[in-house]
Structure formats: structure tokens, C-alpha cells
file run.txt (compact mmCIF, C-alpha atoms)
# COMPACT_ATOMS: atom_id res chain seq x y z
CA MET Y 234 3.53 -199.29 -34.44
CA SER Y 235 6.61 -197.08 -34.37
CA VAL Y 236 9.92 -198.89 -34.02
CA ASP Y 237 11.62 -198.21 -30.68
CA TYR Y 238 15.19 -197.00 -30.79
CA LEU Y 239 18.01 -195.62 -28.67
CA ASP Y 240 19.33 -192.23 -29.76
CA PHE Y 241 23.04 -191.40 -29.33
CA HIS Y 242 24.81 -188.10 -29.96
CA PHE Y 243 28.55 -187.56 -30.11
CA PRO Y 244 29.52 -184.57 -27.92
CA GLY Y 245 29.89 -181.44 -30.03
CA LEU Y 246 28.60 -183.00 -33.26
CA SER Y 247 25.06 -181.71 -33.65
CA ASN Y 248 24.85 -182.70 -37.33
CA VAL Y 249 25.68 -186.40 -36.81
CA ARG Y 250 22.89 -188.79 -35.76
CA CYS Y 251 23.33 -192.28 -34.38
CA VAL Y 252 20.41 -194.62 -33.69
CA PHE Y 253 20.26 -198.20 -32.39
CA THR Y 254 16.90 -199.93 -32.80
CA THR Y 255 15.42 -202.49 -30.41
CA ARG Y 256 13.11 -205.39 -31.22
CA HIS Y 257 10.03 -203.52 -30.02
CA GLY Y 258 7.41 -201.51 -31.85
CA GLY Y 259 7.19 -203.02 -35.33
CA HIS Y 260 4.86 -205.24 -37.36
CA SER Y 261 6.68 -208.60 -37.42
CA THR Y 262 5.28 -211.62 -35.56
CA GLY Y 263 6.46 -214.94 -34.14
CA ASP Y 264 10.24 -215.41 -33.86
CA PHE Y 265 10.75 -212.03 -35.52
CA SER Y 266 8.45 -210.06 -33.25
CA GLN Y 267 8.23 -207.12 -33.41
CA ALA Y 268 10.69 -204.85 -35.17
CA ASN Y 269 12.82 -207.14 -37.32
CA MET Y 270 14.70 -205.01 -39.85
CA SER Y 271 16.36 -207.66 -42.00
CA LEU Y 272 14.98 -208.92 -45.30
CA GLU Y 273 17.35 -211.88 -45.18
CA VAL Y 274 16.24 -213.95 -42.17
CA GLY Y 275 12.96 -215.52 -43.31
CA ASP Y 276 10.50 -212.99 -41.93
CA ALA Y 277 7.42 -211.93 -43.90
CA LEU Y 278 8.73 -209.35 -46.37
CA GLU Y 279 5.71 -207.08 -46.11
CA ALA Y 280 6.20 -206.80 -42.34
CA VAL Y 281 9.91 -206.01 -42.68
CA ARG Y 282 9.24 -203.40 -45.34
CA ALA Y 283 6.65 -201.78 -43.06
CA ASN Y 284 9.14 -201.74 -40.19
CA ARG Y 285 11.85 -200.18 -42.33
CA ALA Y 286 9.53 -197.67 -43.97
CA GLY Y 287 8.21 -196.46 -40.65
CA LEU Y 288 11.68 -195.95 -39.23
CA ARG Y 289 12.93 -194.26 -42.38
CA ARG Y 290 10.01 -191.88 -42.33
CA GLU Y 291 10.39 -191.06 -38.64
CA LEU Y 292 14.13 -190.40 -38.90
CA GLY Y 293 13.86 -188.47 -42.16
CA ILE Y 294 16.40 -190.67 -43.94
CA ARG Y 295 16.79 -189.80 -47.63
CA VAL Y 296 19.18 -192.56 -48.80
CA TRP Y 297 19.32 -195.96 -47.04
CA GLN Y 298 22.56 -197.90 -47.48
CA GLU Y 299 23.31 -201.39 -46.21
CA LEU Y 300 25.36 -204.42 -47.23
CA ARG Y 301 24.90 -208.17 -47.35
CA GLN Y 302 27.12 -208.75 -44.33
CA VAL Y 303 29.59 -211.62 -44.70
CA HIS Y 304 32.02 -211.28 -41.75
CA GLU Y 305 34.89 -210.16 -43.95
CA GLN Y 306 36.75 -206.84 -44.24
CA SER Y 307 35.43 -205.14 -47.37
CA VAL Y 308 34.63 -201.44 -46.84
CA PHE Y 309 32.71 -199.41 -49.43
CA MET Y 310 33.25 -195.68 -49.82
CA ASP Y 311 30.76 -192.99 -50.86
CA LEU Y 312 28.15 -195.17 -52.50
CA GLU Y 313 25.27 -193.39 -54.23
CA GLU Y 314 22.70 -196.19 -54.44
CA ASP Y 315 19.72 -196.59 -52.13
CA PHE Y 316 19.46 -200.17 -50.79
CA PHE Y 317 16.19 -199.83 -48.90
CA SER Y 318 14.71 -202.74 -50.88
CA GLY Y 319 17.65 -205.01 -50.04
CA ALA Y 320 21.42 -205.17 -50.12
CA THR Y 321 23.19 -206.19 -53.32
CA LEU Y 322 26.83 -205.71 -52.30
CA GLU Y 323 28.73 -207.97 -49.88
CA GLY Y 324 30.87 -206.42 -47.18
CA ASP Y 325 30.96 -205.23 -43.60
CA GLY Y 326 31.85 -201.56 -43.75
CA LEU Y 327 30.38 -198.37 -45.25
CA CYS Y 328 31.77 -194.84 -45.29
CA THR Y 329 30.31 -191.64 -46.70
CA CYS Y 330 30.89 -187.92 -47.01
CA ARG Y 331 27.31 -187.33 -48.24
CA THR Y 332 24.63 -185.83 -46.03
CA SER Y 333 21.34 -187.70 -45.58
CA HIS Y 334 23.02 -190.97 -46.59
CA ALA Y 335 22.24 -193.33 -43.69
CA LEU Y 336 24.74 -196.15 -43.16
CA VAL Y 337 22.97 -199.21 -41.77
CA VAL Y 338 24.40 -202.21 -39.88
CA LYS Y 339 22.18 -205.21 -39.06
CA THR Y 340 22.94 -207.05 -35.80
CA ALA Y 341 21.70 -209.79 -33.49
CA ASP Y 342 24.73 -210.04 -31.10
CA CYS Y 343 27.40 -208.61 -33.41
CA GLN Y 344 28.73 -205.13 -32.80
CA ALA Y 345 27.66 -202.08 -34.77
CA LEU Y 346 30.57 -199.62 -34.67
CA LEU Y 347 29.59 -196.11 -35.78
CA LEU Y 348 32.36 -193.63 -36.56
CA ALA Y 349 32.56 -189.90 -37.25
CA ASP Y 350 35.39 -187.43 -37.58
CA MET Y 351 35.35 -184.48 -35.18
CA ALA Y 352 34.63 -182.08 -38.04
CA GLY Y 353 31.35 -183.87 -38.75
CA ARG Y 354 32.21 -184.25 -42.42
CA HIS Y 355 32.61 -188.03 -42.71
CA VAL Y 356 30.96 -191.05 -41.07
CA ALA Y 357 31.33 -194.82 -41.20
CA ALA Y 358 29.52 -197.94 -40.02
CA LEU Y 359 31.28 -201.25 -39.35
CA HIS Y 360 29.69 -204.65 -38.70
CA CYS Y 361 31.91 -206.65 -36.35
CA GLY Y 362 31.14 -210.18 -35.21
CA TRP Y 363 33.62 -212.28 -33.28
CA ARG Y 364 35.28 -213.27 -36.54
CA GLY Y 365 35.77 -209.58 -37.20
CA ASN Y 366 37.48 -209.25 -33.84
CA ALA Y 367 39.63 -212.30 -34.58
CA GLY Y 368 40.77 -210.56 -37.79
CA ASN Y 369 41.09 -207.12 -36.13
CA PHE Y 370 38.45 -205.59 -38.37
CA PRO Y 371 37.81 -202.67 -35.98
CA ALA Y 372 41.36 -201.42 -36.55
CA ALA Y 373 41.32 -202.23 -40.27
CA GLY Y 374 38.04 -200.36 -40.73
CA VAL Y 375 39.34 -197.31 -38.88
CA ARG Y 376 42.51 -197.25 -40.99
CA LYS Y 377 40.54 -197.45 -44.24
CA PHE Y 378 38.23 -194.65 -43.09
CA CYS Y 379 41.14 -192.42 -42.09
CA ALA Y 380 43.21 -193.12 -45.19
CA HIS Y 381 40.33 -192.45 -47.59
CA TYR Y 382 39.37 -189.10 -46.08
CA GLY Y 383 42.76 -187.96 -44.83
CA VAL Y 384 41.60 -188.01 -41.21
CA ASP Y 385 43.93 -188.55 -38.25
CA PRO Y 386 42.66 -191.34 -35.97
CA THR Y 387 43.01 -189.01 -32.97
CA GLU Y 388 40.19 -187.00 -34.57
CA VAL Y 389 37.82 -189.98 -34.85
CA LEU Y 390 34.87 -190.64 -32.53
CA VAL Y 391 33.26 -194.08 -32.30
CA VAL Y 392 30.32 -195.64 -30.49
CA ARG Y 393 29.64 -199.36 -30.08
CA GLY Y 394 26.00 -200.38 -29.94
CA PRO Y 395 24.25 -203.13 -27.94
CA SER Y 396 25.90 -206.49 -28.58
CA LEU Y 397 26.96 -209.79 -27.02
CA GLY Y 398 28.28 -209.04 -23.53
CA PRO Y 399 31.11 -210.74 -21.62
CA GLY Y 400 28.67 -212.78 -19.55
CA LYS Y 401 27.16 -214.50 -22.60
CA SER Y 402 30.05 -214.72 -25.07
CA GLU Y 403 30.92 -218.37 -24.49
CA PHE Y 404 33.40 -220.06 -26.85
CA VAL Y 405 33.74 -223.74 -25.97
CA ASN Y 406 36.17 -224.21 -28.88
CA PHE Y 407 38.34 -221.21 -28.08
CA ASN Y 408 41.60 -223.06 -28.80
CA THR Y 409 40.61 -223.88 -32.38
CA GLU Y 410 38.60 -220.72 -33.19
CA TRP Y 411 40.90 -218.06 -31.79
CA ASN Y 412 44.57 -217.21 -32.15
CA PRO Y 413 46.53 -217.65 -28.89
CA MET Y 414 47.23 -213.89 -28.93
CA PHE Y 415 43.66 -213.37 -27.71
CA ARG Y 416 44.00 -215.59 -24.63
CA SER Y 417 44.14 -212.61 -22.26
CA TYR Y 418 40.52 -211.85 -23.22
CA PHE Y 419 39.40 -215.43 -22.49
CA ASN Y 420 38.07 -216.51 -19.10
CA PRO Y 421 38.68 -220.29 -18.81
CA LEU Y 422 36.24 -220.60 -15.90
CA THR Y 423 33.28 -219.27 -17.88
CA ARG Y 424 34.80 -220.07 -21.30
CA SER Y 425 33.82 -216.57 -22.43
CA VAL Y 426 35.65 -213.90 -24.43
CA ASP Y 427 35.36 -210.23 -23.44
CA LEU Y 428 34.54 -208.89 -26.89
CA TRP Y 429 33.72 -205.41 -25.56
CA THR Y 430 37.20 -204.88 -24.11
CA LEU Y 431 38.80 -206.50 -27.16
CA THR Y 432 37.05 -204.11 -29.53
CA ARG Y 433 37.99 -201.11 -27.40
CA ASN Y 434 41.63 -202.16 -27.41
CA GLN Y 435 41.60 -202.79 -31.16
CA LEU Y 436 40.18 -199.31 -31.77
CA MET Y 437 42.85 -197.77 -29.55
CA GLY Y 438 45.45 -199.85 -31.38
CA ALA Y 439 44.37 -198.07 -34.57
CA GLY Y 440 45.11 -194.72 -32.90
CA ILE Y 441 41.71 -193.67 -31.52
CA PRO Y 442 42.14 -192.20 -28.02
CA ALA Y 443 40.23 -193.90 -25.22
CA ARG Y 444 38.35 -190.64 -24.52
CA ASN Y 445 36.88 -190.79 -28.05
CA ILE Y 446 35.37 -194.27 -27.64
CA TYR Y 447 31.79 -194.60 -26.39
CA SER Y 448 29.71 -197.70 -25.78
CA LEU Y 449 26.20 -198.84 -25.03
CA ASP Y 450 27.03 -201.71 -22.69
CA LEU Y 451 23.76 -203.57 -23.20
CA CYS Y 452 24.04 -207.31 -23.78
CA THR Y 453 21.71 -208.47 -26.54
CA ALA Y 454 21.67 -212.09 -25.32
CA SER Y 455 20.74 -211.03 -21.79
CA SER Y 456 17.88 -208.69 -22.63
CA SER Y 457 14.53 -209.38 -24.26
CA GLN Y 458 14.74 -205.81 -25.54
CA PHE Y 459 16.97 -207.05 -28.37
CA PHE Y 460 17.19 -209.81 -30.96
CA SER Y 461 19.92 -212.35 -30.17
CA TYR Y 462 21.12 -215.13 -32.43
CA ARG Y 463 23.14 -216.63 -29.60
CA ARG Y 464 20.02 -216.90 -27.44
CA ASP Y 465 17.31 -217.75 -30.00
CA LYS Y 466 18.99 -218.92 -33.25
CA VAL Y 467 15.93 -218.09 -35.38
CA THR Y 468 15.48 -214.38 -34.81
CA GLY Y 469 15.32 -210.92 -36.36
CA ARG Y 470 17.89 -208.16 -36.62
CA GLN Y 471 18.08 -204.71 -35.09
CA LEU Y 472 20.00 -201.84 -36.62
CA GLY Y 473 22.80 -199.43 -35.91
CA ILE Y 474 22.48 -196.34 -38.13
CA ILE Y 475 24.63 -193.25 -38.59
CA TRP Y 476 24.13 -190.29 -40.91
CA MET Y 477 24.90 -186.60 -41.28
CA GLU Y 478 22.03 -184.14 -41.40

call {"tool": "encode", "arguments": {"input": "run.txt", "output": "C-alpha cells"}}
result
Amino acid sequence: MSVDYLDFHFPGLSNVRCVFTTRHGGHSTGDFSQANMSLEVGDALEAVRANRAGLRRELGIRVWQELRQVHEQSVFMDLEEDFFSGATLEGDGLCTCRTSHALVVKTADCQALLLADMAGRHVAALHCGWRGNAGNFPAAGVRKFCAHYGVDPTEVLVVRGPSLGPGKSEFVNFNTEWNPMFRSYFNPLTRSVDLWTLTRNQLMGAGIPARNIYSLDLCTASSSQFFSYRRDKVTGRQLGIIWME
């Protein structure tokens, strides 16, 4: 079965593709049904490889690049290796200037942030969980992307994929897990943190204009269309992918 995905296009950038997969349409079963894309969560490897191979074939991806995501701030630039068979490097950001090099972020509530410059010559993919927000990784990733390629942040476009929405992002230990500077994003009545607004503000704090920031406001924990660690604990991973054709 073909993996279902959501297709996103930045206005005016016909050569840049962004895709966000759902949990539907693959070969995995049980807790990982159907389209789990991660080799690292305990799913049957042959099913995951079939899911990934089918998507790669359908999208025409030549080089598949992903990381072993560790909720830190390492960003890798212009890698040449293909990691379709599994990640070997640890980090949470990838950037490339090479066409047909697909940058892959695995999520199950975390945010996949996909970036491109307006010239369509450079792209990046950032994996941002709440710890990434607490450390302002969205801004740090943007600054590394811009510094490496000599791009002004006002010329950067970014889209945030489906992720944990404000209605489900409960943090009962907010006072010990978050710096007080983030209190304005915390609702004490629901004990939730508005991660979507926080990410948007962190991107703007790095110099990206509000008009250049797009979002798929779909909550992974609220919808059976997506895998959600917050909802299910044992679960698969969907993908956010960006590449230049």
C-alpha cells in the first residue's frame, strides 16, 4: 500500500518539495500500523524498509538523509551519504545545497521545521521537540543555516508540519522543566504550553518575517491520522521531508 502524505509547496519555489507523511497506507501492523517510517522504535524491520522504499520510489528521492535524533542542537551541512538503511550520525538538523538530497525528520508529536531560501538553492530540516523549544533550537538552526550559506533570514521560508497542538501539550511539571521566561506560553488552567506560537516567535526572533512562516496546524495527539508518542507511548514515526528537484 502506498504511504499517504500531505504535499506542501512554498509560494514561488517550484523546485522545492515538502512532504509530511501520515500513519496510513504502509505495511506495518499492531502499534506501528500502518506507515511507520522509523527503524528505531521496535517495528518489524522488513515492514519499515517496505514503507520507506515505497515512499522513496513514489517521490523519486535519489539520496535519503536522516539523523539519529537526540534533542540537541547539532546541525550537519551538505552531507553526501545516503542513510536510507538507518541513521549513523546524531543530531537534529540537516542542511544541503545538493539537488535530489532529501532531508528527513522523524516525528511523533515533535515539530518538523522545513526551511528554504527564496532562491531555491538551499534547504534545511530541523527536528524540534519541546526540549528544542526550551533551548531555542528553531532560532539556532535558522542562524546556522543562514551563516553557512550566506543567506539573510528575511529571505528564508519555513513550514512547520503536524505536531503536538496547544490542546494536548500538557506539562504538569512546568516549573521544573521550563525556564520562567516561557511562562507567557503556559496556561495554568490546562497546564499546557502553546508550542506552535512559541516556535513561530522563536523563528521570528531569528529574523524570519511572519509572512514567511507557514504551518500545518494539525495536532498529532488529537488525530488518528498521525502517530503520537504523547497519546500512545509505543508508536511509529511519520516524516517531514524537504528536497530540491

call {"tool": "atom_distance", "arguments": {"input": "run.txt", "atom1": "CA of Gly258 in chain Y", "atom2": "CA of Ala283 in chain Y"}}
result
11.2 Å

call {"tool": "residues_around", "arguments": {"input": "run.txt", "residues": "range 263-276 of chain Y", "least_positions_apart": "5", "cutoff": "8 Å", "atoms": "all atoms listed in the file", "output": "list of chain:residue names"}}
result
Y:Val236, Y:Thr255, Y:Arg256, Y:His257, Y:Gly258, Y:Val281, Y:Arg282, Y:Asn284, Y:Arg285, Y:Gly319, Y:Lys339, Y:Val467, Y:Thr468, Y:Gly469, Y:Arg470, Y:Gln471, Y:Leu472

call {"tool": "residues_near_point", "arguments": {"input": "run.txt", "point": "(24.8, -184.4, -36.7)", "cutoff": "8 Å", "atoms": "all atoms listed in the file", "output": "ChimeraX atom specification"}}
result
/Y:242,246-250,353,476-478

call {"tool": "residues_around", "arguments": {"input": "run.txt", "residues": "Ala320 in chain Y", "least_positions_apart": "4", "cutoff": "9 Å", "atoms": "all atoms listed in the file", "output": "ChimeraX atom specification"}}
result
/Y:272,298-302,315-316

call {"tool": "write_last_selection", "arguments": {"input": "run.txt", "atoms": "C-alpha atoms", "output": "PDB file, in the frame of the given file"}}
result
ATOM      1  CA  LEU Y 272      14.980-208.920 -45.300  1.00  0.00           C
ATOM      2  CA  GLN Y 298      22.560-197.900 -47.480  1.00  0.00           C
ATOM      3  CA  GLU Y 299      23.310-201.390 -46.210  1.00  0.00           C
ATOM      4  CA  LEU Y 300      25.360-204.420 -47.230  1.00  0.00           C
ATOM      5  CA  ARG Y 301      24.900-208.170 -47.350  1.00  0.00           C
ATOM      6  CA  GLN Y 302      27.120-208.750 -44.330  1.00  0.00           C
ATOM      7  CA  ASP Y 315      19.720-196.590 -52.130  1.00  0.00           C
ATOM      8  CA  PHE Y 316      19.460-200.170 -50.790  1.00  0.00           C
TER       9      PHE Y 316
END

call {"tool": "closest_residue", "arguments": {"input": "run.txt", "among": "Y:Thr423, Y:Thr430, Y:Asn408, Y:Gln344", "to": "Val392 in chain Y", "atoms": "all atoms listed in the file"}}
result
Y:Gln344

call {"tool": "build_atoms", "arguments": {"input": "run.txt", "residues": "range 371-382 of chain Y", "atoms": "N, CA and C atoms", "output": "JSON list (two decimals), in the frame of the given file"}}
result
[["chain", "number", "residue", "atom", "x", "y", "z"],
["Y", 371, "PRO", "N", 37.97, -204.04, -36.49],
["Y", 371, "PRO", "CA", 37.81, -202.67, -35.98],
["Y", 371, "PRO", "C", 38.97, -201.76, -36.36],
["Y", 372, "ALA", "N", 40.19, -202.24, -36.20],
["Y", 372, "ALA", "CA", 41.36, -201.42, -36.55],
["Y", 372, "ALA", "C", 41.47, -201.25, -38.05],
["Y", 373, "ALA", "N", 41.23, -202.32, -38.82],
["Y", 373, "ALA", "CA", 41.32, -202.23, -40.27],
["Y", 373, "ALA", "C", 40.30, -201.25, -40.82],
["Y", 374, "GLY", "N", 39.07, -201.28, -40.28],
["Y", 374, "GLY", "CA", 38.04, -200.36, -40.73],
["Y", 374, "GLY", "C", 38.39, -198.92, -40.43],
["Y", 375, "VAL", "N", 38.93, -198.67, -39.25],
["Y", 375, "VAL", "CA", 39.34, -197.31, -38.88],
["Y", 375, "VAL", "C", 40.44, -196.82, -39.82],
["Y", 376, "ARG", "N", 41.40, -197.66, -40.11],
["Y", 376, "ARG", "CA", 42.51, -197.25, -40.99],
["Y", 376, "ARG", "C", 42.03, -196.93, -42.39],
["Y", 377, "LYS", "N", 41.09, -197.72, -42.91],
["Y", 377, "LYS", "CA", 40.54, -197.45, -44.24],
["Y", 377, "LYS", "C", 39.77, -196.14, -44.26],
["Y", 378, "PHE", "N", 39.00, -195.89, -43.23],
["Y", 378, "PHE", "CA", 38.23, -194.65, -43.09],
["Y", 378, "PHE", "C", 39.18, -193.46, -43.06],
["Y", 379, "CYS", "N", 40.20, -193.53, -42.23],
["Y", 379, "CYS", "CA", 41.14, -192.42, -42.09],
["Y", 379, "CYS", "C", 41.95, -192.18, -43.36],
["Y", 380, "ALA", "N", 42.39, -193.26, -43.98],
["Y", 380, "ALA", "CA", 43.21, -193.12, -45.19],
["Y", 380, "ALA", "C", 42.40, -192.52, -46.33],
["Y", 381, "HIS", "N", 41.15, -192.93, -46.47],
["Y", 381, "HIS", "CA", 40.33, -192.45, -47.59],
["Y", 381, "HIS", "C", 40.02, -190.97, -47.48],
["Y", 382, "TYR", "N", 39.77, -190.49, -46.25],
["Y", 382, "TYR", "CA", 39.37, -189.10, -46.08],
["Y", 382, "TYR", "C", 40.48, -188.20, -45.55]]
